[in-house]
Amino acid sequence: MPTLNRRTFLRGAGVAFALPLLDAMQPAFAGETKEAAIPRRMVCMETNMGILPQYFFPEKEGRDYEGTPYLDRLKAHREQMTVFSGVSLPGVTGAHAAEKCFLTGTPHPERGGFRNWVSLDQYAAEHVGNRTRYPSLVLAMSGEGGTLSFTRSGAPISAERSPKKLFNKLFVQGKADEVAANVEALKQGRSMLDFVGDQSKRLNRSLSKPDQQRMDQYLSSVRELEQRLHSSEEWEYKPKPTVTATAPEDIEDQKEFIRKTRLMFDVMKLALETDSTRIISLFIDTTVIHNITHHGNRPEVLAELRAKEEGQFDALNAFLTALADTKEAGQSLLDRSMVLYGTCMGSANSHSNVNLPVLIAGGGFKHGQHLAFDQKNNYPLSNLYLSMLHRLGIETNEFSTSKGTMHGLDLV
């Protein structure tokens, strides 16, 4: 058998590995169900500096739980959401390092040589992203660097941080020469894949059976990527949706992260409403309040932090209300959109990564409940992720560290 120069081979195949929308294990339309005609959507959000648990978690479990200061900000949507306690991502430790694992569930991000897994949103986009102009939107409210989304190779996907740029991307039609340039770039990408594919087929003849199986998986990825590039080329010629809203003006002051988040929520709602995408991730970086998350139980600092976090829940409430008020074929946009909101730390003050404050709203689940699990031996949050994939019609038995679907969360 020949000895391959792995580094040379990866350079030759780099275009395939560099792009996130690859799935060698399942065909492009895997997971189609009888409900495929009904658009199912998923929005995943993480705030990275924790949430004060004493103001979030209800004491009583079940449907008749009493509200808390934070959940009361969302009381208009109580029957459309489920609150969780006693959940965490198995093995995800490292305090702040855990923020990049919120949608991947990859254990021990603090260790040397750490390599992330594919994120929930990108796994979903691989299966259902071909149905919209944008397979997914990767967004962030931060200065730079933060993202929730990772490819199958564990590479971070750069996030869009400007609501104005996002609006223009979604709704401002490019000029004819710009469209032509975009199409040409896509064609160039396809021609590179043709070259990589031909080279790989010749190489495959001289490999062992196990290596041939690995190459078959790789070639399947190449073929799928070619299909996706062709689909992207077709979208370039289709007019973008027309909306009555105008592009928002970006807010540069990082201290105004709540107002900035509201602007992004407004554009996200338009993206879902126009079916420009069905998969969104949003990383909400609240590092600007990092110092007061280490409150040491000082009353005046707790009061300041609580006010900031209540503002976050007010913004989330407005987003849920906007989705609930938007109708689509007799249902609300919220009925068809799962909205996951949570944090990577159960307590920022102690840098704990267990007992994570998490809720999910909408999406066609039986809500109006508090699902309480063991505070010491936490239930896998990744089980919720598997339930969310199933709700999108994706037939898979596992995702990340899941041990099954989320117990107690049923479909309507």
# chains A, B, ... in the order shown; residues from 1 in each chain; ligands from 1
call {"tool": "select_by_dssp", "arguments": {"residues": "range 140-370 of chain A", "states": "strand (DSSP E)", "output": "ChimeraX atom specification"}}
result
/A:140-141,279-284,327-328,331-332,337-343,358-361,369-370
call {"tool": "residues_around", "arguments": {"residues": "Leu392 in chain A", "least_positions_apart": "6", "cutoff": "8 Å", "atoms": "only C-alpha atoms", "output": "ChimeraX atom specification"}}
result
/A:40-41,124,128
call {"tool": "write_last_selection", "arguments": {"atoms": "N, CA, C and O atoms", "output": "JSON list (two decimals), in the first residue's frame"}}
result
[["chain", "number", "residue", "atom", "x", "y", "z"],
["A", 40, "ARG", "N", -40.28, 23.64, 9.71],
["A", 40, "ARG", "CA", -39.87, 23.53, 11.11],
["A", 40, "ARG", "C", -38.55, 24.27, 11.27],
["A", 40, "ARG", "O", -37.63, 24.09, 10.48],
["A", 41, "ARG", "N", -38.46, 25.10, 12.31],
["A", 41, "ARG", "CA", -37.31, 25.98, 12.45],
["A", 41, "ARG", "C", -36.68, 25.83, 13.83],
["A", 41, "ARG", "O", -37.32, 25.36, 14.76],
["A", 124, "ALA", "N", -28.02, 20.17, 12.00],
["A", 124, "ALA", "CA", -29.36, 20.34, 11.44],
["A", 124, "ALA", "C", -29.30, 20.93, 10.04],
["A", 124, "ALA", "O", -30.04, 20.51, 9.13],
["A", 128, "VAL", "N", -31.40, 19.85, 6.58],
["A", 128, "VAL", "CA", -32.58, 20.60, 6.12],
["A", 128, "VAL", "C", -32.22, 21.96, 5.54],
["A", 128, "VAL", "O", -33.09, 22.68, 5.05]]
call {"tool": "residues_around", "arguments": {"residues": "Val172 in chain A", "least_positions_apart": "4", "cutoff": "8 Å", "atoms": "only C-alpha atoms", "output": "list in words"}}
result
Phe167, Asn168 and Lys240 of chain A
call {"tool": "write_last_selection", "arguments": {"atoms": "N, CA and C atoms", "output": "compact mmCIF listing (two decimals), in the first residue's frame"}}
result
# COMPACT_ATOMS: atom_id res chain seq x y z
N PHE A 167 -29.21 42.36 7.72
CA PHE A 167 -30.41 42.82 6.99
C PHE A 167 -30.10 42.95 5.50
N ASN A 168 -28.99 43.61 5.19
CA ASN A 168 -28.63 43.81 3.79
C ASN A 168 -28.37 42.48 3.08
N LYS A 240 -34.50 38.32 -3.83
CA LYS A 240 -34.60 38.22 -2.38
C LYS A 240 -35.96 38.71 -1.92
call {"tool": "closest_residue", "arguments": {"among": "A:Leu52, A:Leu316, A:Leu386, A:Thr244", "to": "Ser347 in chain A", "atoms": "only C-alpha atoms"}}
result
A:Leu52
call {"tool": "residues_around", "arguments": {"residues": "Arg336 in chain A", "least_positions_apart": "5", "cutoff": "12 Å", "atoms": "only C-alpha atoms", "output": "VMD selection string"}}
result
chain A and resid 35 37 to 43 80 272 to 273 275 278 to 279 320 323 to 324 326 to 331 361 to 365 388 391 to 392 411 to 412
call {"tool": "write_last_selection", "arguments": {"atoms": "N, CA and C atoms", "output": "compact mmCIF listing (two decimals), in the first residue's frame"}}
result
# COMPACT_ATOMS: atom_id res chain seq x y z
N GLU A 35 -44.31 15.36 7.58
CA GLU A 35 -44.50 16.75 7.95
C GLU A 35 -43.53 17.67 7.20
N ALA A 37 -43.65 19.19 4.55
CA ALA A 37 -44.23 20.39 3.95
C ALA A 37 -44.41 21.52 4.96
N ILE A 38 -44.44 21.19 6.24
CA ILE A 38 -44.56 22.20 7.29
C ILE A 38 -43.16 22.68 7.66
N PRO A 39 -42.89 23.96 7.48
CA PRO A 39 -41.55 24.46 7.84
C PRO A 39 -41.32 24.35 9.34
N ARG A 40 -40.28 23.64 9.71
CA ARG A 40 -39.87 23.53 11.11
C ARG A 40 -38.55 24.27 11.27
N ARG A 41 -38.46 25.10 12.31
CA ARG A 41 -37.31 25.98 12.45
C ARG A 41 -36.68 25.83 13.83
N MET A 42 -35.43 26.27 13.93
CA MET A 42 -34.71 26.14 15.18
C MET A 42 -33.83 27.36 15.40
N VAL A 43 -33.97 27.97 16.56
CA VAL A 43 -33.13 29.10 16.97
C VAL A 43 -32.44 28.70 18.27
N GLN A 80 -46.23 28.23 26.33
CA GLN A 80 -45.48 27.93 25.10
C GLN A 80 -44.02 27.64 25.38
N LEU A 272 -36.73 34.47 9.62
CA LEU A 272 -37.61 33.32 9.77
C LEU A 272 -38.93 33.54 9.05
N GLU A 273 -39.46 34.73 9.18
CA GLU A 273 -40.77 35.04 8.58
C GLU A 273 -40.73 34.91 7.06
N ASP A 275 -38.74 32.98 5.46
CA ASP A 275 -38.18 31.65 5.18
C ASP A 275 -36.85 31.75 4.45
N ARG A 278 -33.96 28.53 8.17
CA ARG A 278 -34.74 27.88 9.23
C ARG A 278 -33.86 27.51 10.43
N ILE A 279 -32.59 27.82 10.34
CA ILE A 279 -31.65 27.48 11.41
C ILE A 279 -30.83 28.72 11.77
N LEU A 320 -40.01 36.45 21.42
CA LEU A 320 -41.04 35.40 21.43
C LEU A 320 -42.40 35.97 21.05
N LEU A 323 -42.62 36.46 17.31
CA LEU A 323 -42.86 35.19 16.62
C LEU A 323 -44.30 34.71 16.82
N ALA A 324 -44.81 34.88 18.04
CA ALA A 324 -46.18 34.43 18.33
C ALA A 324 -47.21 35.24 17.57
N THR A 326 -46.83 36.54 14.59
CA THR A 326 -46.67 36.37 13.14
C THR A 326 -47.31 35.05 12.72
N LYS A 327 -48.27 35.11 11.84
CA LYS A 327 -49.02 33.92 11.44
C LYS A 327 -48.50 33.35 10.13
N GLU A 328 -48.56 32.02 10.04
CA GLU A 328 -48.14 31.32 8.84
C GLU A 328 -49.05 30.11 8.66
N ALA A 329 -49.92 30.18 7.66
CA ALA A 329 -50.83 29.08 7.33
C ALA A 329 -51.61 28.59 8.55
N GLY A 330 -52.15 29.54 9.33
CA GLY A 330 -53.00 29.19 10.45
C GLY A 330 -52.27 28.91 11.75
N GLN A 331 -50.96 28.89 11.73
CA GLN A 331 -50.18 28.73 12.94
C GLN A 331 -49.30 29.96 13.15
N ALA A 361 -38.75 27.28 23.99
CA ALA A 361 -40.09 27.79 23.70
C ALA A 361 -40.49 27.40 22.28
N GLY A 362 -41.81 27.25 22.07
CA GLY A 362 -42.34 27.02 20.74
C GLY A 362 -41.96 25.68 20.15
N GLY A 363 -42.13 25.59 18.84
CA GLY A 363 -41.70 24.40 18.11
C GLY A 363 -42.67 23.24 18.08
N GLY A 364 -43.83 23.37 18.71
CA GLY A 364 -44.81 22.30 18.66
C GLY A 364 -44.67 21.23 19.72
N PHE A 365 -44.01 21.56 20.83
CA PHE A 365 -43.93 20.65 21.96
C PHE A 365 -45.07 20.94 22.96
N MET A 388 -34.78 17.89 19.60
CA MET A 388 -34.92 19.01 18.66
C MET A 388 -34.63 18.56 17.23
N ARG A 391 -37.56 16.76 15.98
CA ARG A 391 -38.66 17.67 15.64
C ARG A 391 -38.47 18.29 14.26
N LEU A 392 -37.23 18.40 13.83
CA LEU A 392 -36.95 18.89 12.48
C LEU A 392 -37.14 17.80 11.42
N LEU A 411 -44.47 15.88 21.94
CA LEU A 411 -45.02 16.70 20.86
C LEU A 411 -46.50 16.95 21.10
N VAL A 412 -46.95 18.05 20.55
CA VAL A 412 -48.38 18.40 20.65
C VAL A 412 -49.19 17.38 19.87
call {"tool": "atom_distance", "arguments": {"atom1": "CA of Asn317 in chain A", "atom2": "CA of Leu74 in chain A"}}
result
5.4 Å
call {"tool": "closest_atom_pairs", "arguments": {"of": "range 255-323 of chain A", "to": "range 132-151 of chain A", "cutoff": "9 Å", "atoms": "only C-alpha atoms", "output": "CSV"}}
result
residue,atom,partner,partner_atom,distance
A:Phe257,CA,A:Met141,CA,7.2
A:Lys260,CA,A:Met141,CA,7.1
A:Thr261,CA,A:Met141,CA,6.5
A:Met264,CA,A:Met141,CA,8.0
A:Met268,CA,A:Leu137,CA,8.9
A:Asp275,CA,A:Thr132,CA,6.6
A:Ser276,CA,A:Arg133,CA,5.4
A:Thr277,CA,A:Tyr134,CA,5.1
A:Arg278,CA,A:Ser136,CA,6.7
A:Ile279,CA,A:Ser136,CA,4.7
A:Ile280,CA,A:Leu137,CA,4.8
A:Ser281,CA,A:Val138,CA,5.1
A:Leu282,CA,A:Leu139,CA,4.7
A:Phe283,CA,A:Ala140,CA,4.4
A:Ile284,CA,A:Met141,CA,4.8
A:Asp285,CA,A:Ser142,CA,5.0
A:Thr286,CA,A:Ser142,CA,7.6
A:Thr287,CA,A:Ser142,CA,8.4
call {"tool": "closest_residue", "arguments": {"among": "A:Asn353, A:Glu46, A:Ser387, A:Glu310", "to": "Pro107 in chain A", "atoms": "only C-alpha atoms"}}
result
A:Asn353
call {"tool": "residues_around", "arguments": {"residues": "Gly296 in chain A", "least_positions_apart": "5", "cutoff": "12 Å", "atoms": "only C-alpha atoms", "output": "list in words"}}
result
Asn291, Val301, Leu302, Leu305, Ser347, Ala348, Asn349 and Ser350 of chain A
call {"tool": "write_last_selection", "arguments": {"atoms": "all heavy atoms", "output": "short mmCIF file (atom, residue, chain, number, x, y, z; two decimals), in the first residue's frame"}}
result
data_model
loop_
_atom_site.label_atom_id
_atom_site.label_comp_id
_atom_site.auth_asym_id
_atom_site.auth_seq_id
_atom_site.Cartn_x
_atom_site.Cartn_y
_atom_site.Cartn_z
N ASN A 291 -17.36 41.52 35.41
CA ASN A 291 -16.90 41.85 36.77
C ASN A 291 -18.00 41.73 37.81
O ASN A 291 -17.76 41.29 38.93
CB ASN A 291 -16.30 43.26 36.79
CG ASN A 291 -17.30 44.33 36.41
OD1 ASN A 291 -18.15 44.11 35.55
ND2 ASN A 291 -17.20 45.50 37.01
N VAL A 301 -24.32 44.63 44.33
CA VAL A 301 -23.84 44.07 43.07
C VAL A 301 -24.88 43.10 42.50
O VAL A 301 -25.13 43.06 41.28
CB VAL A 301 -22.49 43.36 43.27
CG1 VAL A 301 -21.98 42.82 41.93
CG2 VAL A 301 -21.46 44.31 43.87
N LEU A 302 -25.49 42.30 43.37
CA LEU A 302 -26.56 41.40 42.93
C LEU A 302 -27.71 42.18 42.29
O LEU A 302 -28.27 41.76 41.28
CB LEU A 302 -27.08 40.58 44.11
CG LEU A 302 -26.26 39.35 44.51
CD1 LEU A 302 -26.78 38.78 45.82
CD2 LEU A 302 -26.29 38.30 43.41
N LEU A 305 -26.65 43.29 38.81
CA LEU A 305 -26.61 42.17 37.88
C LEU A 305 -28.02 41.69 37.54
O LEU A 305 -28.32 41.39 36.37
CB LEU A 305 -25.79 41.03 38.48
CG LEU A 305 -25.63 39.77 37.62
CD1 LEU A 305 -25.03 40.10 36.27
CD2 LEU A 305 -24.79 38.73 38.36
N SER A 347 -23.51 28.87 37.52
CA SER A 347 -23.19 30.00 38.38
C SER A 347 -21.89 30.62 37.90
O SER A 347 -20.83 29.97 37.95
CB SER A 347 -23.04 29.56 39.84
OG SER A 347 -22.51 30.62 40.63
N ALA A 348 -21.96 31.84 37.41
CA ALA A 348 -20.75 32.53 36.98
C ALA A 348 -19.89 32.91 38.17
O ALA A 348 -18.67 32.98 38.07
CB ALA A 348 -21.11 33.77 36.16
N ASN A 349 -20.55 33.15 39.30
CA ASN A 349 -19.81 33.53 40.51
C ASN A 349 -18.82 32.46 40.94
O ASN A 349 -17.71 32.73 41.38
CB ASN A 349 -20.80 33.83 41.64
CG ASN A 349 -20.11 34.39 42.87
OD1 ASN A 349 -19.36 35.36 42.79
ND2 ASN A 349 -20.37 33.79 44.03
N SER A 350 -19.23 31.18 40.79
CA SER A 350 -18.36 30.07 41.18
C SER A 350 -17.79 29.31 39.98
O SER A 350 -17.12 28.30 40.15
CB SER A 350 -19.14 29.08 42.05
OG SER A 350 -20.24 28.54 41.33
#
call {"tool": "closest_residue", "arguments": {"among": "A:Ser332, A:Thr246, A:Ser208, A:Gln369", "to": "Leu166 in chain A", "atoms": "only C-alpha atoms"}}
result
A:Thr246
call {"tool": "closest_residue", "arguments": {"among": "A:His77, A:Glu309, A:Pro90, A:Ala315", "to": "Asn378 in chain A", "atoms": "only C-alpha atoms"}}
result
A:Pro90
call {"tool": "residues_around", "arguments": {"residues": "Arg115 in chain A", "least_positions_apart": "2", "cutoff": "12 Å", "atoms": "only C-alpha atoms", "output": "PyMOL selection string"}}
result
chain A and resi 100-101+104-113+117-118+150-156
call {"tool": "residues_around", "arguments": {"residues": "Leu384 in chain A", "least_positions_apart": "2", "cutoff": "9 Å", "atoms": "only C-alpha atoms", "output": "mmCIF file with all heavy atoms, in the first residue's frame"}}
result
data_model
loop_
_atom_site.group_PDB
_atom_site.id
_atom_site.type_symbol
_atom_site.label_atom_id
_atom_site.label_comp_id
_atom_site.auth_asym_id
_atom_site.auth_seq_id
_atom_site.Cartn_x
_atom_site.Cartn_y
_atom_site.Cartn_z
ATOM 1 N N PRO A 380 -28.663 14.696 31.005
ATOM 2 C CA PRO A 380 -27.942 15.236 29.842
ATOM 3 C C PRO A 380 -28.772 16.241 29.041
ATOM 4 O O PRO A 380 -29.834 15.899 28.518
ATOM 5 C CB PRO A 380 -27.637 13.987 28.998
ATOM 6 C CG PRO A 380 -27.796 12.830 29.921
ATOM 7 C CD PRO A 380 -28.851 13.240 30.902
ATOM 8 N N LEU A 381 -28.279 17.453 28.964
ATOM 9 C CA LEU A 381 -28.925 18.460 28.122
ATOM 10 C C LEU A 381 -28.872 18.049 26.654
ATOM 11 O O LEU A 381 -29.742 18.427 25.862
ATOM 12 C CB LEU A 381 -28.240 19.814 28.314
ATOM 13 C CG LEU A 381 -28.790 20.991 27.495
ATOM 14 C CD1 LEU A 381 -30.258 21.243 27.811
ATOM 15 C CD2 LEU A 381 -27.959 22.243 27.740
ATOM 16 N N SER A 382 -27.877 17.259 26.297
ATOM 17 C CA SER A 382 -27.764 16.791 24.913
ATOM 18 C C SER A 382 -28.958 15.932 24.503
ATOM 19 O O SER A 382 -29.231 15.788 23.302
ATOM 20 C CB SER A 382 -26.454 16.014 24.722
ATOM 21 O OG SER A 382 -26.240 15.104 25.774
ATOM 22 N N LEU A 386 -31.208 16.056 20.868
ATOM 23 C CA LEU A 386 -31.698 14.963 20.022
ATOM 24 C C LEU A 386 -33.190 15.117 19.763
ATOM 25 O O LEU A 386 -33.662 14.892 18.644
ATOM 26 C CB LEU A 386 -31.400 13.619 20.682
ATOM 27 C CG LEU A 386 -31.698 12.379 19.840
ATOM 28 C CD1 LEU A 386 -30.869 12.368 18.562
ATOM 29 C CD2 LEU A 386 -31.451 11.105 20.643
ATOM 30 N N SER A 387 -33.952 15.522 20.785
ATOM 31 C CA SER A 387 -35.384 15.772 20.583
ATOM 32 C C SER A 387 -35.614 16.879 19.562
ATOM 33 O O SER A 387 -36.539 16.801 18.744
ATOM 34 C CB SER A 387 -36.036 16.159 21.917
ATOM 35 O OG SER A 387 -36.077 15.063 22.811
ATOM 36 N N MET A 388 -34.781 17.895 19.599
ATOM 37 C CA MET A 388 -34.918 19.012 18.655
ATOM 38 C C MET A 388 -34.626 18.562 17.226
ATOM 39 O O MET A 388 -35.315 18.977 16.281
ATOM 40 C CB MET A 388 -34.000 20.154 19.073
ATOM 41 C CG MET A 388 -34.398 20.779 20.412
ATOM 42 S SD MET A 388 -33.181 21.946 21.060
ATOM 43 C CE MET A 388 -33.370 23.311 19.911
ATOM 44 N N LEU A 389 -33.627 17.713 17.057
ATOM 45 C CA LEU A 389 -33.341 17.190 15.728
ATOM 46 C C LEU A 389 -34.504 16.353 15.208
ATOM 47 O O LEU A 389 -34.886 16.449 14.031
ATOM 48 C CB LEU A 389 -32.054 16.363 15.760
ATOM 49 C CG LEU A 389 -30.754 17.136 15.992
ATOM 50 C CD1 LEU A 389 -29.587 16.179 16.148
ATOM 51 C CD2 LEU A 389 -30.487 18.120 14.857
ATOM 52 N N SER A 402 -25.754 12.463 23.877
ATOM 53 C CA SER A 402 -27.136 12.106 24.212
ATOM 54 C C SER A 402 -27.270 10.623 24.487
ATOM 55 O O SER A 402 -26.574 9.790 23.904
ATOM 56 C CB SER A 402 -28.073 12.500 23.064
ATOM 57 O OG SER A 402 -27.764 11.751 21.900
ATOM 58 N N GLY A 404 -30.529 9.442 24.563
ATOM 59 C CA GLY A 404 -31.926 9.298 24.174
ATOM 60 C C GLY A 404 -32.532 10.679 24.047
ATOM 61 O O GLY A 404 -31.832 11.686 24.142
ATOM 62 N N THR A 405 -33.830 10.747 23.839
ATOM 63 C CA THR A 405 -34.501 12.035 23.747
ATOM 64 C C THR A 405 -34.834 12.563 25.149
ATOM 65 O O THR A 405 -34.727 11.853 26.144
ATOM 66 C CB THR A 405 -35.778 11.912 22.908
ATOM 67 O OG1 THR A 405 -36.597 10.862 23.449
ATOM 68 C CG2 THR A 405 -35.452 11.583 21.452
ATOM 69 N N MET A 406 -35.243 13.827 25.207
ATOM 70 C CA MET A 406 -35.532 14.479 26.475
ATOM 71 C C MET A 406 -36.780 13.883 27.133
ATOM 72 O O MET A 406 -37.876 13.938 26.584
ATOM 73 C CB MET A 406 -35.711 15.981 26.253
ATOM 74 C CG MET A 406 -36.184 16.774 27.462
ATOM 75 S SD MET A 406 -35.068 16.714 28.884
ATOM 76 C CE MET A 406 -33.683 17.707 28.305
ATOM 77 N N HIS A 407 -36.595 13.332 28.321
ATOM 78 C CA HIS A 407 -37.710 12.741 29.050
ATOM 79 C C HIS A 407 -38.691 13.822 29.481
ATOM 80 O O HIS A 407 -38.320 14.850 30.037
ATOM 81 C CB HIS A 407 -37.183 12.014 30.289
ATOM 82 C CG HIS A 407 -38.252 11.407 31.148
ATOM 83 N ND1 HIS A 407 -38.968 10.285 30.760
ATOM 84 C CD2 HIS A 407 -38.758 11.781 32.361
ATOM 85 C CE1 HIS A 407 -39.840 9.997 31.699
ATOM 86 N NE2 HIS A 407 -39.736 10.883 32.681
ATOM 87 N N LEU A 409 -40.625 15.674 27.512
ATOM 88 C CA LEU A 409 -40.906 16.692 26.496
ATOM 89 C C LEU A 409 -41.536 16.001 25.294
ATOM 90 O O LEU A 409 -40.858 15.348 24.500
ATOM 91 C CB LEU A 409 -39.627 17.408 26.077
ATOM 92 C CG LEU A 409 -39.807 18.604 25.122
ATOM 93 C CD1 LEU A 409 -40.572 19.726 25.813
ATOM 94 C CD2 LEU A 409 -38.454 19.108 24.639
#
call {"tool": "closest_residue", "arguments": {"among": "A:Asp250, A:Tyr123, A:Phe102, A:Lys60", "to": "Ser85 in chain A", "atoms": "only C-alpha atoms"}}
result
A:Lys60
call {"tool": "atom_distance", "arguments": {"atom1": "CA of Tyr341 in chain A", "atom2": "CA of Phe56 in chain A"}}
result
12.3 Å
call {"tool": "closest_residue", "arguments": {"among": "A:Ala372, A:Ala303, A:Val358, A:Met81", "to": "Glu61 in chain A", "atoms": "only C-alpha atoms"}}
result
A:Ala372
call {"tool": "atom_distance", "arguments": {"atom1": "CA of Glu304 in chain A", "atom2": "CA of Ile289 in chain A"}}
result
9.7 Å
